[in-house]
Every structure is written in C-alpha cells, then in structure tokens.
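Asks: For reference, the file final_33.txt (compact mmCIF, C-alpha atoms and all ligand atoms) is included below:
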# COMPACT_ATOMS: atom_id res chain seq x y z
CA MET E 1 20.83 28.31 -8.57
CA ASN E 2 21.84 24.65 -8.64
CA LEU E 3 19.63 22.07 -7.04
CA ALA E 4 21.08 19.52 -4.65
CA GLN E 5 21.51 15.98 -5.95
CA ARG E 6 18.86 14.88 -3.44
CA ALA E 7 16.27 17.18 -4.99
CA LEU E 8 17.16 16.25 -8.56
CA GLY E 9 16.22 12.66 -7.90
CA ILE E 10 12.69 13.33 -6.56
CA SER E 11 9.65 12.78 -8.74
CA PRO E 12 6.40 14.38 -7.57
CA SER E 13 3.66 12.21 -6.07
CA PRO E 14 1.75 10.85 -9.10
CA THR E 15 -1.45 10.33 -7.10
CA LEU E 16 -1.45 13.95 -5.99
CA SER E 17 -0.50 15.19 -9.50
CA ILE E 18 -3.32 13.27 -11.17
CA ASP E 19 -5.76 14.56 -8.58
CA ALA E 20 -4.55 18.13 -9.17
CA LYS E 21 -4.91 17.70 -12.94
CA ALA E 22 -8.45 16.28 -12.60
CA LYS E 23 -9.50 19.03 -10.18
CA LYS E 24 -8.12 21.69 -12.54
CA MET E 25 -10.11 20.25 -15.45
CA ILE E 26 -13.25 20.19 -13.26
CA ALA E 27 -12.62 23.84 -12.27
CA GLN E 28 -12.40 24.69 -15.98
CA GLY E 29 -15.92 23.34 -16.35
CA LEU E 30 -14.99 19.96 -17.84
CA ASP E 31 -17.06 16.99 -16.78
CA VAL E 32 -14.32 14.80 -15.33
CA ILE E 33 -14.99 11.79 -13.10
CA ASN E 34 -12.18 11.48 -10.61
CA PHE E 35 -11.20 7.95 -9.59
CA GLY E 36 -7.68 9.25 -9.02
CA VAL E 37 -7.01 10.16 -5.47
CA GLY E 38 -7.39 8.05 -2.36
CA GLU E 39 -9.35 10.44 -0.21
CA PRO E 40 -12.73 9.77 1.47
CA ASP E 41 -15.40 11.91 -0.18
CA PHE E 42 -17.27 12.18 3.15
CA ASP E 43 -17.06 15.27 5.30
CA THR E 44 -15.24 15.10 8.64
CA PRO E 45 -17.85 14.07 11.27
CA GLN E 46 -19.46 16.97 13.14
CA HIS E 47 -18.27 16.02 16.64
CA ILE E 48 -14.68 16.12 15.39
CA LYS E 49 -15.15 19.58 13.87
CA ASP E 50 -16.81 20.73 17.11
CA ALA E 51 -13.79 19.58 19.11
CA ALA E 52 -11.54 21.66 16.83
CA MET E 53 -13.72 24.74 17.25
CA GLU E 54 -13.76 24.27 20.99
CA ALA E 55 -9.96 23.98 20.98
CA ILE E 56 -9.72 27.32 19.19
CA GLN E 57 -12.13 28.97 21.64
CA LYS E 58 -10.20 27.58 24.59
CA GLY E 59 -6.98 29.06 23.26
CA MET E 60 -5.32 25.77 22.35
CA THR E 61 -3.51 27.67 19.66
CA LYS E 62 0.09 27.48 20.85
CA TYR E 63 2.98 25.10 20.34
CA THR E 64 2.40 21.72 21.93
CA ALA E 65 4.99 19.11 22.85
CA VAL E 66 6.82 18.14 19.64
CA ALA E 67 5.57 14.53 19.62
CA GLY E 68 1.97 15.48 20.42
CA THR E 69 -0.22 16.48 23.36
CA ASP E 70 -0.50 14.14 26.34
CA GLN E 71 -4.21 13.80 25.65
CA LEU E 72 -3.72 12.66 22.07
CA LYS E 73 -0.88 10.32 22.95
CA GLN E 74 -3.05 8.76 25.68
CA ALA E 75 -5.87 8.31 23.15
CA ILE E 76 -3.43 6.64 20.74
CA VAL E 77 -2.04 4.38 23.48
CA ALA E 78 -5.63 3.33 24.30
CA LYS E 79 -6.38 2.72 20.62
CA PHE E 80 -3.36 0.42 20.23
CA LYS E 81 -4.38 -1.50 23.35
CA GLN E 82 -7.99 -1.88 22.33
CA ASP E 83 -7.68 -2.47 18.59
CA ASN E 84 -4.34 -4.22 18.29
CA GLY E 85 -3.61 -5.68 21.72
CA LEU E 86 -0.41 -3.63 21.80
CA ASP E 87 0.94 -2.02 24.99
CA TYR E 88 2.86 1.19 24.41
CA GLN E 89 3.96 3.95 26.77
CA PRO E 90 3.16 7.54 25.72
CA GLY E 91 6.91 8.08 25.15
CA GLN E 92 6.76 5.51 22.35
CA ILE E 93 4.20 7.51 20.38
CA VAL E 94 5.10 10.30 17.94
CA VAL E 95 2.33 12.34 16.34
CA SER E 96 3.24 13.97 13.02
CA CYS E 97 1.74 15.99 10.15
CA GLY E 98 0.04 13.02 8.48
CA ALA E 99 1.07 9.37 8.21
CA LYS E 100 3.22 10.39 5.25
CA HIS E 101 5.27 12.52 7.62
CA SER E 102 5.44 9.68 10.18
CA LEU E 103 6.78 7.41 7.44
CA TYR E 104 9.30 10.03 6.39
CA ASN E 105 10.58 10.39 9.95
CA ALA E 106 10.82 6.61 10.33
CA PHE E 107 12.85 6.09 7.13
CA GLN E 108 15.12 9.01 8.05
CA VAL E 109 16.02 7.66 11.48
CA LEU E 110 16.29 3.99 10.47
CA CYS E 111 18.12 4.02 7.12
CA GLN E 112 21.47 5.15 5.92
CA PRO E 113 23.54 4.93 2.72
CA GLY E 114 24.40 1.34 1.95
CA ASP E 115 21.23 -0.05 3.54
CA GLU E 116 18.77 -2.02 1.47
CA VAL E 117 15.05 -1.69 2.08
CA ILE E 118 12.71 -4.40 0.83
CA LEU E 119 9.73 -2.88 -0.94
CA PRO E 120 7.05 -5.33 -2.06
CA ALA E 121 5.40 -4.19 -5.32
CA PRO E 122 2.80 -2.98 -6.13
CA TYR E 123 3.71 -0.34 -3.53
CA TRP E 124 2.27 2.98 -2.51
CA VAL E 125 3.94 5.83 -4.38
CA SER E 126 5.74 7.64 -1.56
CA TYR E 127 7.64 4.66 -0.11
CA LEU E 128 10.07 4.52 -3.02
CA GLU E 129 10.92 8.21 -2.88
CA GLN E 130 11.17 8.26 0.91
CA ILE E 131 13.58 5.31 0.92
CA LYS E 132 15.75 7.11 -1.62
CA LEU E 133 15.55 10.37 0.34
CA ALA E 134 16.92 8.50 3.35
CA GLY E 135 19.91 7.52 1.20
CA ALA E 136 19.01 3.83 1.22
CA GLN E 137 18.53 1.51 -1.72
CA PRO E 138 15.05 0.19 -2.46
CA VAL E 139 14.95 -3.51 -3.32
CA ILE E 140 11.69 -3.95 -5.16
CA VAL E 141 10.17 -7.42 -4.87
CA ASN E 142 7.36 -8.09 -7.32
CA THR E 143 4.50 -9.98 -5.73
CA ARG E 144 2.13 -12.08 -7.80
CA GLN E 145 -1.49 -11.49 -8.62
CA GLU E 146 -2.14 -15.23 -8.02
CA ASN E 147 -0.98 -14.71 -4.43
CA ASP E 148 -3.31 -11.76 -4.03
CA PHE E 149 -0.23 -9.51 -4.32
CA LYS E 150 1.06 -10.68 -0.96
CA LEU E 151 4.74 -11.27 -0.33
CA THR E 152 5.55 -14.93 0.27
CA VAL E 153 8.21 -16.28 2.61
CA ALA E 154 10.19 -17.59 -0.38
CA GLU E 155 10.10 -14.18 -2.10
CA LEU E 156 11.18 -12.49 1.11
CA GLU E 157 14.04 -14.89 1.74
CA ALA E 158 15.29 -14.49 -1.83
CA ALA E 159 15.46 -10.71 -1.40
CA ILE E 160 17.45 -10.68 1.84
CA THR E 161 21.15 -9.84 1.69
CA PRO E 162 23.64 -8.93 4.46
CA ARG E 163 22.76 -5.28 3.72
CA THR E 164 19.01 -5.65 4.25
CA ARG E 165 18.06 -3.24 7.01
CA LEU E 166 14.32 -2.78 6.70
CA ILE E 167 11.10 -3.90 5.06
CA ILE E 168 7.95 -1.90 4.51
CA LEU E 169 4.63 -3.74 4.85
CA ASN E 170 1.24 -2.19 4.12
CA SER E 171 -1.92 -4.08 5.02
CA PRO E 172 -4.62 -3.34 3.97
CA SER E 173 -2.68 -2.28 0.91
CA ASN E 174 -2.78 0.75 -1.28
CA PRO E 175 -3.10 0.12 -4.26
CA THR E 176 -4.16 -3.55 -4.21
CA GLY E 177 -6.52 -3.63 -1.21
CA SER E 178 -4.92 -6.93 -0.12
CA VAL E 179 -5.10 -7.87 3.54
CA TYR E 180 -2.49 -10.16 5.10
CA THR E 181 -3.79 -12.86 7.42
CA ARG E 182 -2.39 -13.51 10.88
CA GLN E 183 -0.70 -16.71 9.61
CA GLU E 184 0.92 -14.95 6.65
CA LEU E 185 2.28 -12.20 8.89
CA ALA E 186 3.52 -14.74 11.43
CA ALA E 187 5.41 -16.63 8.70
CA LEU E 188 7.04 -13.46 7.35
CA GLY E 189 7.69 -12.30 10.93
CA GLU E 190 9.65 -15.45 11.72
CA VAL E 191 12.08 -14.74 8.87
CA LEU E 192 12.34 -11.06 9.79
CA VAL E 193 13.14 -11.87 13.42
CA LYS E 194 15.71 -14.47 12.37
CA HIS E 195 17.52 -11.90 10.18
CA LYS E 196 16.88 -8.98 12.58
CA ILE E 197 15.28 -6.88 9.85
CA ALA E 198 13.35 -3.82 11.03
CA ILE E 199 9.75 -3.43 9.87
CA ILE E 200 7.74 -0.35 9.04
CA SER E 201 4.10 -1.47 9.14
CA ASP E 202 1.81 1.06 7.49
CA GLU E 203 -1.66 0.35 8.91
CA ILE E 204 -3.43 3.53 7.78
CA TYR E 205 -6.28 1.50 6.18
CA GLU E 206 -6.75 -0.65 9.28
CA LYS E 207 -10.41 0.28 9.73
CA LEU E 208 -11.36 0.06 6.05
CA ILE E 209 -11.74 -3.67 5.82
CA TYR E 210 -14.55 -5.85 4.43
CA ASP E 211 -15.85 -9.42 4.17
CA GLY E 212 -15.30 -10.05 7.88
CA LEU E 213 -11.52 -9.97 7.41
CA GLU E 214 -9.40 -9.21 10.44
CA HIS E 215 -6.71 -6.53 10.60
CA VAL E 216 -3.63 -7.81 12.37
CA SER E 217 -0.65 -5.67 13.32
CA ILE E 218 2.57 -7.64 12.82
CA ALA E 219 3.91 -5.88 15.94
CA SER E 220 1.32 -7.71 18.04
CA LEU E 221 2.53 -11.19 17.09
CA SER E 222 5.51 -11.47 19.45
CA PRO E 223 7.63 -9.30 21.78
CA GLU E 224 10.53 -9.65 19.29
CA LEU E 225 8.39 -8.38 16.42
CA LYS E 226 7.15 -5.47 18.53
CA GLU E 227 10.79 -4.50 19.25
CA GLN E 228 11.59 -4.55 15.53
CA THR E 229 8.53 -2.71 14.24
CA VAL E 230 7.46 0.88 13.76
CA VAL E 231 3.67 0.95 13.36
CA ILE E 232 2.30 3.82 11.28
CA ASN E 233 -1.32 4.92 11.42
CA GLY E 234 -3.39 8.10 11.27
CA VAL E 235 -6.81 9.68 11.14
CA SER E 236 -6.91 10.70 7.44
CA LYS E 237 -8.70 7.68 6.04
CA SER E 238 -10.81 6.34 8.93
CA TYR E 239 -12.26 9.68 9.94
CA ALA E 240 -12.30 11.52 6.60
CA MET E 241 -9.63 13.89 7.93
CA THR E 242 -7.11 14.08 5.07
CA GLY E 243 -6.78 17.85 5.29
CA TRP E 244 -6.16 17.95 9.03
CA ARG E 245 -2.76 16.28 8.66
CA ILE E 246 -2.48 14.01 11.68
CA GLY E 247 -0.61 10.72 11.54
CA TYR E 248 1.22 8.82 14.23
CA ALA E 249 3.86 6.20 14.86
CA ALA E 250 4.46 3.73 17.68
CA ALA E 251 8.00 2.46 18.04
CA PRO E 252 10.61 1.22 20.50
CA ALA E 253 11.45 4.13 22.82
CA ALA E 254 14.84 4.97 21.27
CA VAL E 255 13.38 5.04 17.76
CA ALA E 256 10.43 7.18 18.87
CA LYS E 257 12.83 9.59 20.57
CA ALA E 258 14.95 9.88 17.41
CA MET E 259 11.82 10.53 15.31
CA ALA E 260 10.64 13.22 17.73
CA ASP E 261 14.09 14.82 17.83
CA LEU E 262 14.17 14.92 14.03
CA GLN E 263 10.70 16.43 13.97
CA SER E 264 11.75 19.06 16.53
CA HIS E 265 14.00 20.54 13.83
CA SER E 266 11.55 20.34 10.93
CA THR E 267 7.84 20.89 11.62
CA SER E 268 7.83 20.93 15.48
CA ASN E 269 4.41 19.75 16.69
CA PRO E 270 1.59 19.04 14.26
CA THR E 271 -1.23 21.60 14.42
CA SER E 272 -2.59 21.94 17.97
CA ILE E 273 -6.19 22.27 16.75
CA ALA E 274 -5.98 19.19 14.53
CA GLN E 275 -4.57 17.26 17.49
CA ALA E 276 -7.60 18.20 19.61
CA ALA E 277 -9.86 17.10 16.76
CA SER E 278 -8.00 13.79 16.54
CA VAL E 279 -8.63 13.10 20.25
CA ALA E 280 -12.36 13.40 19.47
CA ALA E 281 -11.95 11.14 16.43
CA LEU E 282 -10.25 8.38 18.42
CA THR E 283 -12.25 8.59 21.65
CA GLY E 284 -15.68 9.72 20.38
CA THR E 285 -18.44 7.79 18.64
CA GLN E 286 -17.30 5.44 15.87
CA GLN E 287 -20.71 5.51 14.21
CA PRO E 288 -19.68 7.81 11.32
CA LEU E 289 -16.83 5.40 10.55
CA GLN E 290 -19.27 2.47 10.53
CA ASP E 291 -21.61 4.37 8.17
CA MET E 292 -18.73 5.29 5.85
CA LEU E 293 -17.50 1.71 5.85
CA ARG E 294 -20.92 0.35 4.91
CA GLU E 295 -21.08 2.78 2.00
CA PHE E 296 -17.56 1.91 0.81
CA ASN E 297 -18.51 -1.75 0.93
CA ARG E 298 -21.61 -1.15 -1.18
CA ARG E 299 -19.59 0.82 -3.73
CA ARG E 300 -16.84 -1.78 -3.87
CA ASP E 301 -19.36 -4.52 -4.61
CA PHE E 302 -21.07 -2.48 -7.29
CA MET E 303 -17.87 -1.36 -8.95
CA LEU E 304 -16.37 -4.82 -8.88
CA GLU E 305 -19.42 -6.41 -10.46
CA ARG E 306 -19.58 -3.79 -13.19
CA ILE E 307 -15.86 -3.78 -13.99
CA ARG E 308 -15.80 -7.55 -14.27
CA GLN E 309 -18.42 -7.31 -16.99
CA ILE E 310 -16.02 -5.38 -19.23
CA PRO E 311 -14.39 -7.83 -21.64
CA GLY E 312 -10.65 -8.22 -21.11
CA VAL E 313 -10.56 -6.64 -17.65
CA GLN E 314 -9.62 -8.88 -14.76
CA CYS E 315 -10.14 -7.76 -11.20
CA ARG E 316 -9.58 -9.50 -7.87
CA GLN E 317 -11.80 -8.73 -4.94
CA PRO E 318 -9.88 -6.39 -2.65
CA GLY E 319 -10.49 -7.00 1.06
CA GLY E 320 -9.61 -3.54 2.29
CA ALA E 321 -8.88 0.16 1.57
CA PHE E 322 -10.94 1.85 -1.16
CA TYR E 323 -9.28 0.88 -4.41
CA LEU E 324 -9.82 -1.57 -7.24
CA PHE E 325 -6.67 -2.64 -9.06
CA PRO E 326 -7.73 -4.32 -12.30
CA ASP E 327 -5.41 -5.87 -14.87
CA VAL E 328 -5.91 -4.16 -18.24
CA SER E 329 -2.95 -5.69 -20.06
CA SER E 330 -5.16 -7.59 -22.53
CA TYR E 331 -5.62 -4.25 -24.32
CA PHE E 332 -1.92 -3.67 -24.88
CA GLY E 333 -0.74 -3.72 -28.48
CA LYS E 334 -4.19 -2.68 -29.75
CA SER E 335 -5.26 0.84 -30.75
CA TYR E 336 -7.93 3.41 -30.17
CA ARG E 337 -8.59 5.59 -33.24
CA GLY E 338 -5.04 5.08 -34.43
CA ARG E 339 -3.42 5.58 -31.01
CA VAL E 340 -1.56 2.51 -29.84
CA VAL E 341 -2.08 1.45 -26.24
CA SER E 342 1.04 -0.20 -24.92
CA SER E 343 0.77 0.38 -21.18
CA ALA E 344 -1.60 1.34 -18.40
CA SER E 345 -0.08 4.83 -18.62
CA ASP E 346 -1.21 5.10 -22.27
CA LEU E 347 -4.64 3.89 -21.25
CA ALA E 348 -4.88 6.35 -18.36
CA ASP E 349 -3.98 9.23 -20.73
CA LEU E 350 -6.60 8.08 -23.22
CA LEU E 351 -9.26 7.72 -20.53
CA LEU E 352 -8.63 11.22 -19.24
CA GLU E 353 -8.47 12.88 -22.65
CA GLU E 354 -11.18 10.95 -24.48
CA ALA E 355 -13.52 9.74 -21.74
CA ARG E 356 -12.85 12.33 -19.03
CA VAL E 357 -12.11 9.72 -16.40
CA ALA E 358 -9.11 10.24 -14.10
CA LEU E 359 -7.36 7.24 -12.55
CA VAL E 360 -3.82 6.27 -11.64
CA PRO E 361 -1.81 4.01 -13.97
CA GLY E 362 0.00 1.13 -12.32
CA ILE E 363 3.40 2.58 -13.21
CA ALA E 364 2.99 4.79 -10.13
CA PHE E 365 2.91 1.62 -8.01
CA GLY E 366 5.57 -0.29 -9.89
CA ASP E 367 3.43 -2.36 -12.31
CA ASP E 368 2.05 -0.83 -15.47
CA ARG E 369 -0.28 -3.69 -16.36
CA PHE E 370 -2.83 -2.38 -13.88
CA ILE E 371 -4.89 0.71 -13.22
CA ARG E 372 -6.01 1.94 -9.81
CA LEU E 373 -9.55 3.21 -9.34
CA SER E 374 -10.55 4.81 -6.06
CA TYR E 375 -14.17 4.24 -5.07
CA ALA E 376 -14.08 7.10 -2.60
CA THR E 377 -16.60 8.91 -4.78
CA SER E 378 -20.39 8.82 -5.12
CA MET E 379 -22.33 5.84 -6.52
CA GLU E 380 -23.65 8.06 -9.26
CA LYS E 381 -20.15 9.07 -10.35
CA ILE E 382 -18.98 5.47 -10.10
CA ALA E 383 -21.80 4.30 -12.37
CA GLN E 384 -21.16 7.06 -14.92
CA GLY E 385 -17.40 6.62 -14.83
CA LEU E 386 -17.62 2.89 -15.42
CA GLU E 387 -19.92 3.41 -18.40
CA ARG E 388 -17.33 5.76 -19.85
CA ILE E 389 -14.51 3.32 -19.26
CA ALA E 390 -16.49 0.46 -20.79
CA ALA E 391 -17.32 2.58 -23.87
CA LEU E 392 -13.72 3.64 -24.41
CA LEU E 393 -12.37 0.13 -23.98
CA ASP E 394 -14.94 -1.09 -26.47
CA GLY E 395 -13.33 1.23 -29.00
CA ILE E 396 -9.89 -0.34 -28.59
CA LYS E 397 -9.35 -2.79 -31.45
N1 LIG K 401 0.13 5.36 3.62
C1 LIG K 401 -0.68 4.99 2.62
C2 LIG K 401 -0.64 3.58 2.17
C3 LIG K 401 -1.56 5.91 2.03
O1 LIG K 401 -2.36 5.53 1.04
C4 LIG K 401 -1.58 7.24 2.49
C5 LIG K 401 -2.52 8.21 1.86
N2 LIG K 401 -1.98 9.32 1.35
C6 LIG K 401 -0.69 7.58 3.53
C7 LIG K 401 0.14 6.63 4.07
C8 LIG K 401 -0.57 8.97 4.07
O2 LIG K 401 -1.71 9.44 4.68
P1 LIG K 401 -1.74 10.83 5.43
O3 LIG K 401 -0.42 11.50 5.22
O4 LIG K 401 -2.87 11.59 4.82
O5 LIG K 401 -1.99 10.52 6.87
N1 LIG K 402 -2.88 8.00 -0.35
C1 LIG K 402 -3.66 8.69 -1.31
C2 LIG K 402 -3.49 8.06 -2.67
O1 LIG K 402 -2.74 7.15 -2.82
C3 LIG K 402 -3.43 10.17 -1.29
C4 LIG K 402 -2.42 10.75 -2.23
C5 LIG K 402 -1.05 10.80 -1.69
O2 LIG K 402 -0.89 11.18 -0.53
O3 LIG K 402 -0.14 10.49 -2.46
O4 LIG K 402 -4.16 8.46 -3.58
Using the file provided, produce a representation of the structure as structure tokens.
Ligand code: PMP
Ligand code: GLU
Replies:
Amino acid sequence: MNLAQRALGISPSPTLSIDAKAKKMIAQGLDVINFGVGEPDFDTPQHIKDAAMEAIQKGMTKYTAVAGTDQLKQAIVAKFKQDNGLDYQPGQIVVSCGAKHSLYNAFQVLCQPGDEVILPAPYWVSYLEQIKLAGAQPVIVNTRQENDFKLTVAELEAAITPRTRLIILNSPSNPTGSVYTRQELAALGEVLVKHKIAIISDEIYEKLIYDGLEHVSIASLSPELKEQTVVINGVSKSYAMTGWRIGYAAAPAAVAKAMADLQSHSTSNPTSIAQAASVAALTGTQQPLQDMLREFNRRRDFMLERIRQIPGVQCRQPGGAFYLFPDVSSYFGKSYRGRVVSSASDLADLLLEEARVALVPGIAFGDDRFIRLSYATSMEKIAQGLERIAALLDGIK
C-alpha cells in the first residue's frame, strides 16, 4: 500500500520517541535517568481524580457537545477573565484532546498552501510538523541566546513577506524557558497588527513561572491583537494531567466555529470524564499547583547551579516551564574514547549509551548546539543524573 505524500513527510515527535526509548530501557532493568520528556512527575491532585470518579458514577459517560461541556467552557471563560484579563464568550472556546490537538486544529483552519508561518527557533517539536501538515511553509527565524532566545522586532520585520499569514509564539517557552515581557509582546504586537498577521499564542506553561516574572497573553494587549490571536492553553502541565488529554483554545468566534466543525469530523468531543476533571482543576483549590511550582523552582535552582559548574557548559537562567537549555557546543570536535562528538545529537547518544542519561538534543528544536534537560523529575534523580553528565563530559578530550 502506498502512503500519501502528507504521511511521507512526517517525522515522529522526538520528545515522545526519546521518552519511549528511555522508558523501555528502564523496563528492561537498566538504570536510566530520564531528563527527556516534559511531563510533571507529580500525580494528578486528589480532588481532580475525585471529580472524574464522580462523573463516572453520575453517568457522565456519553458524548458531550463537540467543543466541550458548558460547565468546562464557563470555567475556561472565568480563567481567561481572572488570569489574563480577557473577555471571551463560551462560543469562542474550543476544548480539544490536549493542547497539541488545539494547535493542530488552529493550524488546519488558519493556513493553506502558499502561506508562510513564522516560527521562531528554538521551537517546540510539533509546531514544525503541524505547519507542514496544514500545507503551509514554515519560515524559521533563529533567535539569539544573547536576547534570551526572544524574537526581536527587527528579526520579525525581516521575516515578513506578502505571504506571511501567521506567527506562532510560545511564552513561557519550551525548550528555552524564556518568558516575554509585556513590553516585548507589545512591540511585536504592533508589527503584527500593522501587517495583519494572525498569532497562535501557546500559553500552556503560563502557570510555571519563577523569579516573580509575569505571564502576559499577547491577546490581552489590545482589541486588535485579541481579534488576531488564537490563545492555546490546557491542563496537562499546570495540574499534572498529561494523560487526561484536555487542551483548549480561545479565538474569534468564526475561527472557534471552524475549529469545532473540524473537530466534529475527527475526534468529536474530548473525553467527558476528563472534561469533568478539568472543571475541578480550574475551579478547585490551586494549592497543589503552588506546591508543585515551589518544588520545580527548587529543582531549577539546584540543577542550574550544578550544571554551571561543569566546565564548558553555558546555561542561562530560564524564567519558566521546566527545562534547562544549556549550550554544549564547546565539546564539539573533541572525542570520547575515540568517538567524535560533533553535535548535541552525538552527545545525547553518548549520554544515553555510556552514562544512561536520557535528554533531548537541540536538533529537535532547530538548534543542535544545545541540549534540553527536563527537571520534572525527583531531586535525587537530578543530582545523580548531573553527576553522570559531568563525569562523561570530563572524559571528552
Ligand atoms: N505546547 C507545548 C509548548 C508543549 O510543551 C506541550 C507539551 N507536550 C504542548 C503544547 C501539548 O500539551 P498537551 O497536548 O499535553 O496539552
Ligand atoms: N511537551 C512535552 C515535551 O516537549 C511532551 C512531549 C510531546 O508532547 O512532544 O517533552
């Protein structure tokens, strides 16, 4: 059977593949430390699980409205009002099977062949594939480490052509952890409004933010920006609910309707039980989130301090998410026991095979001078893993 051209062009998610490989090695009894996947290691809070069990007992086990239950959409509307100062009607909200699915729907209804989509790099793995799946052309714009990997107005302006249709912004960012300030977003927003470029703003790490930094949604900066933006968010990261698969989008009514119509022919509604659980996540106590955040902060500080002690590794302080994104390029051109290291991919292979540490090479995010380490794992594992990394790097001459 021949595969369609569309399928031939897809590469599998490298973050998920590395996680699968690490988990397989662990299942085989190998002592692997997994800094690979971006998934909170905490359990879903009890009150959220209870809400799911109650939903099952109450018989909430049938199809719901395609774009989500009224209750969940109301909770999302309230969240946007309270956290972001954004006023949406329930008809502007579409709940999907994870933020990844919300993003997919958004690219599908906004892009077509011939459109260019500006993708600041380093970027999260699935944006590139989803842009291509929508038939559009990704225009990758490399940001600079000196600018904290944030797109500047000059870089944005240089990338715009008459075919530019859309830009994807992600703050706090996966993989860099960078957080855009209000002023930076306002400056980019001015250019985007002037050129009428639509924005997909992926705010899934909104709550995972440190150092007193403020999360700002670009949609909240002006009525024009709100009309041009699809905001993406979800419960996976903030509430340790990756397996429940609930993400959501807020968009101008016509865009939301198109996304819901598309979804009505693919997945229909996301799981009814997971929707009930998500109402509890958004409207219930936020204490578990605060506890998780404090722990992530502690781990980030520890990991950052330790990694900066390794000679030749440079690492900025990330303000959000749960990743470090150190520059390891000073090791390139050297070798470990006769094996030449010429990229972060080579280094990631070496670390997994020789030191039993899984992490994601920067190639997955469009820059192979870096590695991404997730600190969504225990302090003990972080300490052990960093010792292993330091020992292996010490052997590179
Ligand atoms: N956006 C970013 C930047 C992410 O890191 C993730 C995590 N996989 C997602 C979207 C998707 O999250 P989910 O589908 O689990 O809601
Ligand atoms: N967002 C997470 C990561 O980057 C989960 C994996 C994925 O969905 O690709 O590791």
Asks: Tell me which protein, DNA and RNA residues are within 10 Å of region 385-391 of chain E, counting only C-alpha atoms, leaving out same-chain ones fewer than 4 positions away, and put them as JSON, numbers by chain.
Replies: {"E": [32, 33, 34, 35, 303, 306, 307, 309, 310, 311, 313, 351, 352, 354, 355, 356, 357, 358, 379, 380, 381, 395, 396]}
Asks: Please give me, as a PyMOL selection string, the residues lying within 8 Å of ligand LIG 401 (chain K) when counting only C-alpha atoms and all ligand atoms.
Replies: chain E and resi 38-39+97-103+124+126+170+173-175+202-205+233-237+241-243+245-247
Asks: So which residues are near ligand LIG 402 (chain K), meaning at most 6 Å away with only C-alpha atoms and all ligand atoms counted, given back as a list in words?
Replies: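 These are the residues that qualify: Ser13, Thr15, Leu16, Val37 and Gly38 of chain E.
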Asks: Can you tell me which residues surround region 106-121 of chain E at a distance of at most 8 Å, considering only C-alpha atoms, apart from same-chain residues fewer than 6 positions away, and format the answer as a PyMOL selection string?
Replies: chain E and resi 127-128+130-131+133-143+149+151+159-160+163-169+200+230+255+258-259+262+365-367
Asks: Would you kindly return, as a PyMOL selection string, each protein, DNA or RNA residue with an atom no farther than 8 Å from any atom of Tyr239 (chain E), considering all atoms listed in the file and excluding same-chain residues fewer than 5 positions away?
Replies: chain E and resi 44-45+281+288-289
Asks: To one decimal place, how far is CA of Pro223 (chain E) from CA of Leu86 (chain E) in Å?
Replies: 9.8 Å
